[in-house]
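A.B. asks: My questions will all concern the structure given below.
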Amino acid sequence: MARDDEKKMKLMEEESGKFWEEKALSFAEYTRSGRDVYREYFNNPAFFSFVGEVKGKQMLDAECGEGSNTRCFSDQGAKLVGIDISKKFIDLAIKEEIKRPKGIKYIATSLSDLSCLDGNSFDLVVTTMVFMDVANYEKAFEEIFKVLKPGGSLFFSILHPCFKTAGYNWNEYELNLGKLTVSDYFTNKPAFSGFDSGDKIKGSANKPFKSIIHRRTMSDYINTLIKTGFVIGKIHEPRPSKEACERFPVFQKWRDHAAKVLYLRANNPSKA
Ligand SMILES: C[S@@+](CC[C@H](N)C(=O)[O-])C[C@H]1O[C@@H](n2cnc3c(N)ncnc32)[C@H](O)[C@@H]1O
């Protein structure tokens, strides 16, 4: 990557970092309150099941936010390090660690610079719903590849690049009868995008979070992983369960018509 491009990426990252600094407190409160029902009743259960057994593993939660997923993985018996670009998020996570110690180490750094961590030191790296936020995702994949042990795996979730495009829109959203419009799949200009939050389901008029989204195509992600040296292990497009749809009818369209999120497992092939 040319120097100028790298500088531009760094600036974009700093901008995104500042944005999250401002939102850290309210996002932490929101996550911890359980009001993000997509997270609680769809995305998290599906992602934890995708990752599978973590007991005894050395694990990095890259972009851990205030650490709620980090603590869940720790409760399942893994040994955790959490990193995030926002110092405020890291402070919130550390405060929780002091209150209820689990042996988790937290570090404020960008995913595109993991030089604070030893190479070949993690069995698993997870990132949940964050690569869309990272300007320099190529560098982030390289950094993750370096810190993974040979034979280790990266598991990540992102908004589905084929459906949550720049021009995506549900018609008749409220009635769940809608059909999805997908357009501008190839548009990759970073843009502020509304955070699809559970508040909508609770009838709140406001969507409380917006973040800078970098839109990429499926081939951008897959080819960059391959170029970095990863071997694709598994792809999963989870659907909300029948029970979850009955409880939250607004989920139904993500069961019937299109995939909201994409999960990927990418392996660092064994060098042994
Ligand atoms: C949608 S939140 C998700 C947080 C966490 N994974 C979760 O599920 O609760 C996005 C997170 O990415 C972090 N982030 C954004 N850009 C980053 C970067 N370049 N390096 C590390 N963290 C970053 C933000 O500070 C924020 O915590």
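Residues in the structure tokens are numbered from 1 in each chain, the chains being A, B, ... in the order shown, and ligands are numbered from 1 in the order shown.
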Using only C-alpha atoms and all ligand atoms, find each residue of chain A with at least one atom at most 6 Å away from an atom of ligand 1; report its shortest atom-to-atom pair and that distance in Å (one decimal), sort the rows by chain and rising residue number, and return the result as CSV.
C.D. replies:
residue,atom,partner,partner_atom_place_in_ligand_line,distance
A:Glu13,CA,ligand 1,19 (N),5.4
A:Ser16,CA,ligand 1,16 (N),5.9
A:Gly17,CA,ligand 1,16 (N),5.7
A:Trp20,CA,ligand 1,25 (O),4.9
A:Glu63,CA,ligand 1,22 (N),4.1
A:Cys64,CA,ligand 1,6 (N),4.4
A:Gly65,CA,ligand 1,27 (O),3.4
A:Asp84,CA,ligand 1,22 (N),4.0
A:Ile85,CA,ligand 1,21 (C),3.9
A:Ser86,CA,ligand 1,25 (O),4.6
A:Ser110,CA,ligand 1,20 (N),3.4
A:Leu111,CA,ligand 1,20 (N),3.9
A:Thr127,CA,ligand 1,6 (N),5.9
A:Thr128,CA,ligand 1,6 (N),4.4
A:Met129,CA,ligand 1,1 (C),5.6
A:Val130,CA,ligand 1,10 (C),4.9
A:Asp133,CA,ligand 1,16 (N),5.1
A:Val134,CA,ligand 1,19 (N),4.7
A.B. asks: For the residues selected in the previous step, produce a file with N, CA and C atoms as an mmCIF file, in the first residue's frame.
C.D. replies:
data_model
loop_
_atom_site.group_PDB
_atom_site.id
_atom_site.type_symbol
_atom_site.label_atom_id
_atom_site.label_comp_id
_atom_site.auth_asym_id
_atom_site.auth_seq_id
_atom_site.Cartn_x
_atom_site.Cartn_y
_atom_site.Cartn_z
ATOM 1 N N GLU A 13 -9.106 5.963 10.574
ATOM 2 C CA GLU A 13 -9.184 5.158 11.804
ATOM 3 C C GLU A 13 -9.305 6.049 13.030
ATOM 4 N N SER A 16 -12.755 7.393 13.248
ATOM 5 C CA SER A 16 -13.682 6.374 13.735
ATOM 6 C C SER A 16 -13.484 6.150 15.241
ATOM 7 N N GLY A 17 -12.196 6.167 15.659
ATOM 8 C CA GLY A 17 -11.877 6.014 17.081
ATOM 9 C C GLY A 17 -12.511 7.115 17.919
ATOM 10 N N TRP A 20 -16.187 6.576 18.353
ATOM 11 C CA TRP A 20 -16.515 5.558 19.355
ATOM 12 C C TRP A 20 -16.216 6.048 20.770
ATOM 13 N N GLU A 63 -11.188 -5.713 19.173
ATOM 14 C CA GLU A 63 -12.285 -4.747 19.161
ATOM 15 C C GLU A 63 -13.360 -5.215 20.138
ATOM 16 N N CYS A 64 -12.939 -5.280 21.356
ATOM 17 C CA CYS A 64 -13.787 -5.880 22.397
ATOM 18 C C CYS A 64 -14.841 -4.922 22.931
ATOM 19 N N GLY A 65 -14.757 -3.631 22.569
ATOM 20 C CA GLY A 65 -15.699 -2.673 23.144
ATOM 21 C C GLY A 65 -15.567 -2.650 24.652
ATOM 22 N N ASP A 84 -9.092 -2.717 21.990
ATOM 23 C CA ASP A 84 -10.031 -1.817 21.320
ATOM 24 C C ASP A 84 -9.331 -0.479 21.098
ATOM 25 N N ILE A 85 -9.713 0.202 20.032
ATOM 26 C CA ILE A 85 -9.083 1.492 19.715
ATOM 27 C C ILE A 85 -9.503 2.572 20.728
ATOM 28 N N SER A 86 -10.673 2.392 21.352
ATOM 29 C CA SER A 86 -11.185 3.431 22.249
ATOM 30 C C SER A 86 -10.715 3.201 23.684
ATOM 31 N N SER A 110 -5.134 -0.075 18.097
ATOM 32 C CA SER A 110 -5.912 -0.325 16.886
ATOM 33 C C SER A 110 -5.650 -1.749 16.398
ATOM 34 N N LEU A 111 -6.635 -2.288 15.763
ATOM 35 C CA LEU A 111 -6.497 -3.622 15.180
ATOM 36 C C LEU A 111 -5.444 -3.632 14.069
ATOM 37 N N THR A 127 -13.542 -11.353 16.239
ATOM 38 C CA THR A 127 -13.985 -9.955 16.143
ATOM 39 C C THR A 127 -15.458 -9.986 15.776
ATOM 40 N N THR A 128 -16.254 -9.269 16.568
ATOM 41 C CA THR A 128 -17.699 -9.326 16.344
ATOM 42 C C THR A 128 -18.221 -7.979 15.860
ATOM 43 N N MET A 129 -18.733 -7.992 14.639
ATOM 44 C CA MET A 129 -19.400 -6.842 14.031
ATOM 45 C C MET A 129 -18.504 -5.606 13.975
ATOM 46 N N VAL A 130 -17.283 -5.789 13.552
ATOM 47 C CA VAL A 130 -16.399 -4.634 13.567
ATOM 48 C C VAL A 130 -15.585 -4.364 12.304
ATOM 49 N N ASP A 133 -16.047 -1.270 10.458
ATOM 50 C CA ASP A 133 -15.570 -0.018 11.062
ATOM 51 C C ASP A 133 -14.099 0.265 10.751
ATOM 52 N N VAL A 134 -13.388 -0.766 10.329
ATOM 53 C CA VAL A 134 -11.926 -0.646 10.225
ATOM 54 C C VAL A 134 -11.522 -0.229 8.814
#
A.B. asks: As a CSV table (one decimal) with C-alpha atoms, in the first residue's frame, which residues of stretch 57-177 of chain A does DSSP assign to strand (DSSP E or B)?
C.D. replies:
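states-v5.csv, freshly written:
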chain,number,residue,atom,x,y,z
A,58,GLN,CA,-5.6,-18.5,24.4
A,59,MET,CA,-8.0,-16.0,22.8
A,60,LEU,CA,-7.9,-12.4,21.6
A,61,ASP,CA,-11.2,-10.4,21.4
A,62,ALA,CA,-10.1,-7.9,18.9
A,79,LYS,CA,-7.9,-17.2,28.6
A,80,LEU,CA,-8.7,-13.7,27.2
A,81,VAL,CA,-7.0,-10.6,26.0
A,82,GLY,CA,-9.2,-7.8,24.7
A,83,ILE,CA,-8.1,-4.9,22.5
A,84,ASP,CA,-10.0,-1.8,21.3
A,105,LYS,CA,-6.1,-8.3,30.1
A,106,TYR,CA,-7.3,-5.2,28.2
A,107,ILE,CA,-5.1,-3.0,25.9
A,108,ALA,CA,-6.1,0.1,24.0
A,122,PHE,CA,-3.2,-17.0,20.2
A,123,ASP,CA,-5.2,-20.1,19.4
A,124,LEU,CA,-8.3,-18.0,18.5
A,125,VAL,CA,-9.0,-14.4,17.5
A,126,VAL,CA,-12.6,-13.2,17.4
A,127,THR,CA,-14.0,-10.0,16.1
A,128,THR,CA,-17.7,-9.3,16.3
A,148,LEU,CA,-2.3,-16.3,15.6
A,149,LYS,CA,-0.4,-19.6,16.4
A,150,PRO,CA,0.1,-21.8,13.3
A,151,GLY,CA,-3.1,-23.8,13.2
A,152,GLY,CA,-5.0,-21.0,15.0
A,153,SER,CA,-8.2,-19.5,13.7
A,154,LEU,CA,-9.8,-16.1,13.2
A,155,PHE,CA,-13.6,-16.1,13.6
A,156,PHE,CA,-15.5,-12.9,12.7
A,157,SER,CA,-19.0,-11.5,12.1
A,158,ILE,CA,-19.8,-8.7,9.8
A,159,LEU,CA,-22.9,-7.1,8.3
A,169,ASN,CA,-33.9,-1.0,1.9
A,170,TRP,CA,-36.9,-3.0,3.2
A.B. asks: Which residue gives the smallest distance to A:Ala46 among A:Pro249, A:Gly34, A:Pro240, A:Gly178, with only C-alpha atoms counted?
C.D. replies: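 Closest to A:Ala46, using only C-alpha atoms: A:Pro240.
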A.B. asks: From the set A:Ser33, A:Ser241, A:Asn188, A:Thr70, which residue has the shortest atom-to-atom contact distance to A:Phe48, counting only C-alpha atoms?
C.D. replies: A:Thr70
A.B. asks: So what do you get for atom CA of A:Phe248 versus atom CA of A:Phe42, distance-wise?
C.D. replies: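 Between atom CA of A:Phe248 and atom CA of A:Phe42 the gap works out to 10.2 Å.
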A.B. asks: Write out as a ChimeraX atom specification the set of residues from stretch 8-209 of chain A that DSSP, computed on the backbone, places in alpha helix (DSSP H).
C.D. replies: /A:8-33,37-38,44-51,68-75,87-99,137-147
A.B. asks: Between atom CA of A:Ala259 and atom CA of A:Ile232, what is the distance, to one decimal in Å?
C.D. replies: 19.4 Å
A.B. asks: In Å to one decimal, how far is atom CA of A:Pro45 from atom CA of A:Gln252?
C.D. replies: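 If I compute the distance from atom CA of A:Gln252 to atom CA of A:Pro45, I get 16.6 Å.
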A.B. asks: I'd like to know which of A:Gly67, A:Tyr137, A:Met132, A:Leu11 is closest to A:Glu97, using only C-alpha atoms.
C.D. replies: A:Gly67
A.B. asks: Find the residues near stretch 215-219 of chain A: any atom within 9 Å, counting only C-alpha atoms, skip ones fewer than 6 places away on the same chain, and give them as a PyMOL selection string.
C.D. replies: chain A and resi 132+160-162+164-166+185-191
A.B. asks: Got time to write the residues from that selection, C-alpha atoms, as a PDB file, in the first residue's frame?
C.D. replies:
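Output (result-v9.pdb):
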ATOM      1  CA  MET A 132     -16.990  -2.658   8.674  1.00  0.00           C
ATOM      2  CA  HIS A 160     -23.648  -9.278   5.245  1.00  0.00           C
ATOM      3  CA  PRO A 161     -21.878  -7.461   2.422  1.00  0.00           C
ATOM      4  CA  CYS A 162     -24.258  -8.804  -0.248  1.00  0.00           C
ATOM      5  CA  LYS A 164     -26.581  -4.764   3.755  1.00  0.00           C
ATOM      6  CA  THR A 165     -25.320  -2.728   0.826  1.00  0.00           C
ATOM      7  CA  ALA A 166     -25.164   1.070   0.541  1.00  0.00           C
ATOM      8  CA  TYR A 185     -23.162  -3.248  -3.943  1.00  0.00           C
ATOM      9  CA  PHE A 186     -19.932  -1.908  -5.431  1.00  0.00           C
ATOM     10  CA  THR A 187     -20.100   1.449  -3.629  1.00  0.00           C
ATOM     11  CA  ASN A 188     -17.209   1.561  -1.214  1.00  0.00           C
ATOM     12  CA  LYS A 189     -17.198   5.177  -0.089  1.00  0.00           C
ATOM     13  CA  PRO A 190     -17.121   5.236   3.747  1.00  0.00           C
ATOM     14  CA  ALA A 191     -20.438   6.575   5.042  1.00  0.00           C
TER      15      ALA A 191
END
